[in-house]
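> Sharing a structure with you now.
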Amino acid sequence: MDQVSRYHPLLVAMHWVLALLIIAALGLGALVMAKIPNTDPMKLEALRSHMSGGVLILILMLVRLFVRTRTRHPAPATAGDPFLDRIAWASHRMFYVAVLGMAGSGLFLAVQAGLFGIVFGGHGSLPPDLWVFSIRAVHYAFSRLLMALIALHVVAALYHALVLRDGLLRRMFFGRRVVKANASAVHP
């Protein structure tokens with residue numbers, strides 16, 4: 001059977017779209033919304049964007065999981081070190097846990113605090129402090145885990161590109177996917 005050297009184009013597109021959306025949502029949450037008091041009308045606009053982005057991320061992530069289970073993908077990458085390979089395996093799975101946990105805890109917080117009616121329906125005002133809801137701490141913890149995983153992911157990608165120079169990054173870009181079984185697993 002021929003080997004697949006790249007991920008399915010839909011997975012590639014979703015990887016980069018999700019990366020941008022997740023970084024934007026994290027930035028909006030940590031750098032913008034955290035500094036706006038709940039009494040400021042701008043907080044509603046920021047929350048509207050943040051919550052809409054979070055729901056979109058959740059939907060895209062679920063679609064990505066579905067497509068990933070239905071398409072062929074390259075063999076697991078190796079860094080040449082079993083320990084690093086285990087870290088890569090675990091961190092990729094933790095990405096799914098962190099993103100789904102982040103979106104799920106955000107939805108639960110929105111329901112618990114009545115944010116959907118306030119933010120999208122204009123009914124009522126924001127609670128003075130969202131930290132009174134215990135799920136807010138979970139949402140925060142997932143955000144920090146996700147930030148750490150993104151940093152690790154970028155460092156690992158740079159390690160493959162600049163140190164190993166193994167062409168691994170081509171797997172997550174568009175191009176020809178199938179190579180003959182006796183050819184290299186990573187093909188331009």
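Going by the structure tokens order, chains are called A, B, ..., each with residues numbered from 1, while ligands are numbered from 1 in the order shown.
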Could you list, as an mmCIF file with N, CA and C atoms, in the first residue's frame, every residue within 12 Å of Phe66 (chain A), counting only C-alpha atoms and ignoring same-chain residues fewer than 6 positions away?

```
data_model
loop_
_atom_site.group_PDB
_atom_site.id
_atom_site.type_symbol
_atom_site.label_atom_id
_atom_site.label_comp_id
_atom_site.auth_asym_id
_atom_site.auth_seq_id
_atom_site.Cartn_x
_atom_site.Cartn_y
_atom_site.Cartn_z
ATOM 1 N N LEU A 10 -8.078 18.917 4.180
ATOM 2 C CA LEU A 10 -9.029 19.499 5.128
ATOM 3 C C LEU A 10 -8.407 19.595 6.522
ATOM 4 N N LEU A 11 -7.646 18.581 6.928
ATOM 5 C CA LEU A 11 -6.966 18.630 8.225
ATOM 6 C C LEU A 11 -5.905 19.724 8.244
ATOM 7 N N MET A 14 -7.729 23.030 8.516
ATOM 8 C CA MET A 14 -8.296 23.182 9.860
ATOM 9 C C MET A 14 -7.204 23.405 10.901
ATOM 10 N N ILE A 59 -16.700 23.561 17.355
ATOM 11 C CA ILE A 59 -17.279 22.886 16.184
ATOM 12 C C ILE A 59 -16.177 22.405 15.246
ATOM 13 N N LEU A 60 -15.218 23.278 14.947
ATOM 14 C CA LEU A 60 -14.124 22.893 14.046
ATOM 15 C C LEU A 60 -13.282 21.762 14.628
#
```
> Neighbouring residues of Arg6 (chain A) were defined as those with any atom within 6 Å, considering only C-alpha atoms; residues of the same chain fewer than 2 positions away were excluded. Please report them as a PyMOL selection string.
chain A and resi 4+74+171+177
> Between CA of Phe142 (chain A) and CA of Phe120 (chain A), measure the distance and give it in Å to one decimal.
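Taking CA of Phe142 (chain A) as the start and CA of Phe120 (chain A) as the end point, the length is 24.3 Å.
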> Residues of region 86-159 of chain A that have any atom at most 10 Å from an atom of region 25-28 of chain A: could you tabulate them with the shortest-distance atom pair and the distance in Å to one decimal, using only C-alpha atoms, ordered by chain and increasing number, as JSON lines?

```
{"residue": "A:Ser143", "atom": "CA", "partner": "A:Leu26", "partner_atom": "CA", "distance": 6.9}
{"residue": "A:Arg144", "atom": "CA", "partner": "A:Leu26", "partner_atom": "CA", "distance": 9.1}
{"residue": "A:Leu146", "atom": "CA", "partner": "A:Leu26", "partner_atom": "CA", "distance": 8.7}
{"residue": "A:Met147", "atom": "CA", "partner": "A:Leu26", "partner_atom": "CA", "distance": 7.9}
```
> Using the selection just defined, write its residues with N, CA and C atoms as a CSV table (one decimal), in the first residue's frame.

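File produced: out.csv:
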```csv
chain,number,residue,atom,x,y,z
A,143,SER,N,-6.7,27.3,29.8
A,143,SER,CA,-6.1,28.3,29.0
A,143,SER,C,-4.6,28.3,29.2
A,144,ARG,N,-4.1,28.1,30.4
A,144,ARG,CA,-2.7,28.1,30.7
A,144,ARG,C,-2.1,26.8,30.2
A,146,LEU,N,-3.1,25.2,27.5
A,146,LEU,CA,-3.1,25.4,26.1
A,146,LEU,C,-2.0,26.3,25.7
A,147,MET,N,-1.7,27.3,26.4
A,147,MET,CA,-0.6,28.2,26.1
A,147,MET,C,0.7,27.4,26.2
```
> With only C-alpha atoms as the counted atoms, please give the residues lying no more than 12 Å from Tyr159 (chain A), apart from itself and same-chain residues fewer than 6 positions off, as a PyMOL selection string.
chain A and resi 78-80+84+152-153+165-169
> Choose the residue, out of A:His92, A:His15, A:Arg136, A:Arg72, that has the smallest atom-to-atom separation from Asp2 (chain A); count only C-alpha atoms.
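Closest to Asp2 (chain A) of all the choices is A:Arg72.
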> Of the candidates A:Val12, A:Leu56, A:Val154, A:Leu115, which shows the shortest atom-to-atom distance to His73 (chain A), using only C-alpha atoms?
A:Val12
> Record the distance separating CA of Gly54 (chain A) and CA of Pro127 (chain A), expressed in Å with one decimal.
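Between CA of Gly54 (chain A) and CA of Pro127 (chain A) the gap works out to 19.9 Å.
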> Determine, counting only C-alpha atoms, which protein, DNA and RNA residues have an atom within 9 Å of an atom of Asp129 (chain A); residues of the same chain fewer than 4 positions away are not included. Present the result as a list of chain:residue names.
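In the requested form, the answer reads A:Pro37, A:Asn38, A:Phe133.
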> If we count only C-alpha atoms and set the cut-off at 12 Å, which residues sit around Ile135 (chain A), ignoring sequence neighbours fewer than 6 positions away in its own chain? Please answer as a PDB file with N, CA and C atoms, in the first residue's frame.

```pdb
ATOM      1  N   GLY A 101     -11.577  20.828  26.428  1.00  0.00           N
ATOM      2  CA  GLY A 101     -11.814  21.226  27.816  1.00  0.00           C
ATOM      3  C   GLY A 101     -12.018  22.723  27.958  1.00  0.00           C
ATOM      4  N   MET A 102     -11.232  23.472  27.219  1.00  0.00           N
ATOM      5  CA  MET A 102     -11.354  24.931  27.237  1.00  0.00           C
ATOM      6  C   MET A 102     -12.725  25.356  26.707  1.00  0.00           C
ATOM      7  N   ALA A 103     -13.104  24.807  25.557  1.00  0.00           N
ATOM      8  CA  ALA A 103     -14.402  25.161  24.969  1.00  0.00           C
ATOM      9  C   ALA A 103     -15.552  24.683  25.852  1.00  0.00           C
ATOM     10  N   GLY A 104     -15.441  23.472  26.362  1.00  0.00           N
ATOM     11  CA  GLY A 104     -16.495  22.933  27.221  1.00  0.00           C
ATOM     12  C   GLY A 104     -16.659  23.722  28.505  1.00  0.00           C
ATOM     13  N   SER A 105     -15.542  24.070  29.134  1.00  0.00           N
ATOM     14  CA  SER A 105     -15.626  24.850  30.372  1.00  0.00           C
ATOM     15  C   SER A 105     -16.148  26.257  30.091  1.00  0.00           C
ATOM     16  N   GLY A 106     -15.803  26.811  28.926  1.00  0.00           N
ATOM     17  CA  GLY A 106     -16.336  28.116  28.544  1.00  0.00           C
ATOM     18  C   GLY A 106     -17.840  28.078  28.347  1.00  0.00           C
ATOM     19  N   LEU A 107     -18.313  27.028  27.680  1.00  0.00           N
ATOM     20  CA  LEU A 107     -19.767  26.872  27.501  1.00  0.00           C
ATOM     21  C   LEU A 107     -20.468  26.704  28.846  1.00  0.00           C
ATOM     22  N   PHE A 108     -19.880  25.881  29.708  1.00  0.00           N
ATOM     23  CA  PHE A 108     -20.482  25.652  31.020  1.00  0.00           C
ATOM     24  C   PHE A 108     -20.510  26.946  31.832  1.00  0.00           C
ATOM     25  N   LEU A 109     -19.428  27.725  31.755  1.00  0.00           N
ATOM     26  CA  LEU A 109     -19.393  29.013  32.445  1.00  0.00           C
ATOM     27  C   LEU A 109     -20.472  29.947  31.894  1.00  0.00           C
ATOM     28  N   ALA A 110     -20.619  29.966  30.573  1.00  0.00           N
ATOM     29  CA  ALA A 110     -21.631  30.828  29.948  1.00  0.00           C
ATOM     30  C   ALA A 110     -23.035  30.454  30.410  1.00  0.00           C
ATOM     31  N   VAL A 111     -23.300  29.156  30.506  1.00  0.00           N
ATOM     32  CA  VAL A 111     -24.612  28.696  30.966  1.00  0.00           C
ATOM     33  C   VAL A 111     -24.793  29.037  32.439  1.00  0.00           C
ATOM     34  N   GLN A 112     -23.775  28.721  33.240  1.00  0.00           N
ATOM     35  CA  GLN A 112     -23.856  28.955  34.684  1.00  0.00           C
ATOM     36  C   GLN A 112     -24.073  30.437  35.011  1.00  0.00           C
ATOM     37  N   ALA A 113     -23.413  31.319  34.258  1.00  0.00           N
ATOM     38  CA  ALA A 113     -23.494  32.758  34.536  1.00  0.00           C
ATOM     39  C   ALA A 113     -24.599  33.453  33.744  1.00  0.00           C
ATOM     40  N   ALA A 141      -7.422  27.365  33.940  1.00  0.00           N
ATOM     41  CA  ALA A 141      -6.390  26.317  33.944  1.00  0.00           C
ATOM     42  C   ALA A 141      -6.197  25.733  32.545  1.00  0.00           C
ATOM     43  N   PHE A 142      -7.297  25.492  31.833  1.00  0.00           N
ATOM     44  CA  PHE A 142      -7.178  24.989  30.461  1.00  0.00           C
ATOM     45  C   PHE A 142      -6.482  26.011  29.565  1.00  0.00           C
TER      46      PHE A 142
END
```
> So how many Å separate CA of Pro9 (chain A) and CA of Gly175 (chain A), to one decimal?
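Straight-line distance from CA of Pro9 (chain A) to CA of Gly175 (chain A) works out to 8.2 Å.
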> Contacts of Met33 (chain A) at 7 Å or less, counting only C-alpha atoms, minus same-chain residues fewer than 3 places along, as a ChimeraX atom specification?
/A:28-30,36,43,46
> Write the selection just made, keeping N, CA and C atoms, as a PDB file, in the first residue's frame?

```
ATOM      1  N   LEU A  28      -7.456  37.363  23.256  1.00  0.00           N
ATOM      2  CA  LEU A  28      -8.612  38.177  23.633  1.00  0.00           C
ATOM      3  C   LEU A  28      -8.966  37.949  25.100  1.00  0.00           C
ATOM      4  N   GLY A  29      -8.938  36.695  25.530  1.00  0.00           N
ATOM      5  CA  GLY A  29      -9.281  36.388  26.917  1.00  0.00           C
ATOM      6  C   GLY A  29      -8.251  36.891  27.911  1.00  0.00           C
ATOM      7  N   ALA A  30      -6.975  36.620  27.641  1.00  0.00           N
ATOM      8  CA  ALA A  30      -5.922  36.933  28.612  1.00  0.00           C
ATOM      9  C   ALA A  30      -5.457  38.380  28.560  1.00  0.00           C
ATOM     10  N   ILE A  36     -10.731  44.546  31.147  1.00  0.00           N
ATOM     11  CA  ILE A  36     -11.956  45.349  31.023  1.00  0.00           C
ATOM     12  C   ILE A  36     -12.902  45.002  32.174  1.00  0.00           C
ATOM     13  N   LYS A  43     -16.925  45.284  27.416  1.00  0.00           N
ATOM     14  CA  LYS A  43     -16.775  43.899  27.869  1.00  0.00           C
ATOM     15  C   LYS A  43     -17.755  42.997  27.130  1.00  0.00           C
ATOM     16  N   ALA A  46     -16.377  42.331  23.671  1.00  0.00           N
ATOM     17  CA  ALA A  46     -15.253  41.397  23.767  1.00  0.00           C
ATOM     18  C   ALA A  46     -15.759  39.983  24.060  1.00  0.00           C
TER      19      ALA A  46
END
```
> Would you give me, as a PyMOL selection string, the residues in region 20-163 of chain A that DSSP reads as helix (DSSP H, G or I)?
chain A and resi 20-35+41-70+82-112+115-120+130-132+135-163
